[in-house]
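**Student:** My questions all concern the structure below.
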Amino acid sequence: MTGNKPAFRKATADPSGRQGRRLSQAERTELSEKRMLKAALELVLEVGTQKTTLKEIGERAGYSRGLAQAKFGSKDQLFVRLADDCRRLWLREIRRHGDGKFGLDALMSRLDATVSFADNSADETRVMYTLWFESVGSHSEIRTSLARFHRQARDDIQTLALAGGLFKGDHAAAQAEGFAVRFCGTIFGMCYQWIVAPDAINLRDAAADLRRDMAKLYASK
């Protein structure tokens with residue numbers, strides 16, 4: 001978790017494992033999209049977003065240089081799709097760790113999901129945050145999507161904090177809203193620091209520290 005560099009994986013000929021029979025048009029379309037998204041993920045990790053081109057994505061995936069543009073329209077559109085695919089893996093971890101939990105346990109599960117996502121999908125974690133952070137300086141669709149995701153994340157944390165009784169009284173909603181901003185900011189900041197300097201930041205330890213702080217805050221209520 002602290003310093004392992006991502007292991008780049010080359011796109012395989014048929015990640016679906018459906019060799020030996022003629023694929024339908026729908027299956028070929030699905031397969032080509034998966035291979036190009038995988039190739040895009042590899043290239044972003046290897047050379048960054050600026051040097052990643054649709055031509056190289058298509059060629060690495062095993063297709064013509066123009067197919068990526070034909071399918072996605074632009075590099076920005078492809079990156080939107082790639083970021084969304086990575087985000088779905090993150091949301092899957094949230095559901096897996098949060099099912100059946102309430103109150104403080106539900107909030108803590110977000111920390112568990114963060115660590116699990118980085119452990120199980122390290123490349124996707126790096127690419128998702130890279131695309132998000134680099135979108136801040138532009139007016140791309142990724143930035144618009146990111147704003148929606150941040151809003152939903154804050155709303156979710158606010159709801160969990162209120163349902164768990166972390167804040168009470170006339171100003172509970174406002175207090176929970178402020179807490180949600182700080183909570184999400186801490187998680188995103190931890191991940192940002194880990195991606196920038198994985199040798200210096202132990203994400204698991206950082207999450208454990210935040211867990212202890214959360215427990216103290218909850219006990220004081």
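Letters A, B, ... go to the chains of the structure tokens in the order shown; residues in each chain start at 1; ligands are counted from 1 in the same order.
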Skip A:Ala68 itself and residues of its chain fewer than 4 positions away, then list as a list of chain:residue names all residues within 6 Å of it, counting only C-alpha atoms.

**Tutor:** A:Leu54, A:Gly58, A:Phe72

**Student:** Please save N, CA and C atoms of the selected residues as a PDB file, in the first residue's frame.

**Tutor:**
ATOM      1  N   LEU A  54      -5.927   9.142 -28.805  1.00  0.00           N
ATOM      2  CA  LEU A  54      -6.889   8.164 -29.306  1.00  0.00           C
ATOM      3  C   LEU A  54      -6.218   7.186 -30.266  1.00  0.00           C
ATOM      4  N   GLY A  58      -6.290   3.122 -29.663  1.00  0.00           N
ATOM      5  CA  GLY A  58      -6.793   2.162 -30.639  1.00  0.00           C
ATOM      6  C   GLY A  58      -5.756   1.135 -31.014  1.00  0.00           C
ATOM      7  N   PHE A  72     -15.803   6.796 -29.485  1.00  0.00           N
ATOM      8  CA  PHE A  72     -15.976   7.696 -28.345  1.00  0.00           C
ATOM      9  C   PHE A  72     -16.080   9.168 -28.739  1.00  0.00           C
TER      10      PHE A  72
END

**Student:** Could you give me, as an MDAnalysis selection string, the residues within 8 Å of stretch 177-191 of chain A, counting only C-alpha atoms and dropping anything in the same chain fewer than 4 positions from it?

**Tutor:** chainID A and resid 111 114 129 153:155 157:158 173 195 203 206

**Student:** Given the choices A:Ser74, A:Gln69, A:Ser121, A:Ser24, which gets closest to A:Glu93 if the distance is worked out from only C-alpha atoms?

**Tutor:**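 The closest residue to A:Glu93 is A:Ser121.
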
**Student:** So how many Å separate atom CA of A:Glu59 and atom CA of A:Glu42, to one decimal?

**Tutor:**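 Between atom CA of A:Glu59 and atom CA of A:Glu42 the gap works out to 12.6 Å.
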
**Student:** With distances taken over only C-alpha atoms, which of A:Leu166, A:Thr29, A:Thr125, A:Ile57 is nearest to A:Phe102?

**Tutor:** A:Leu166
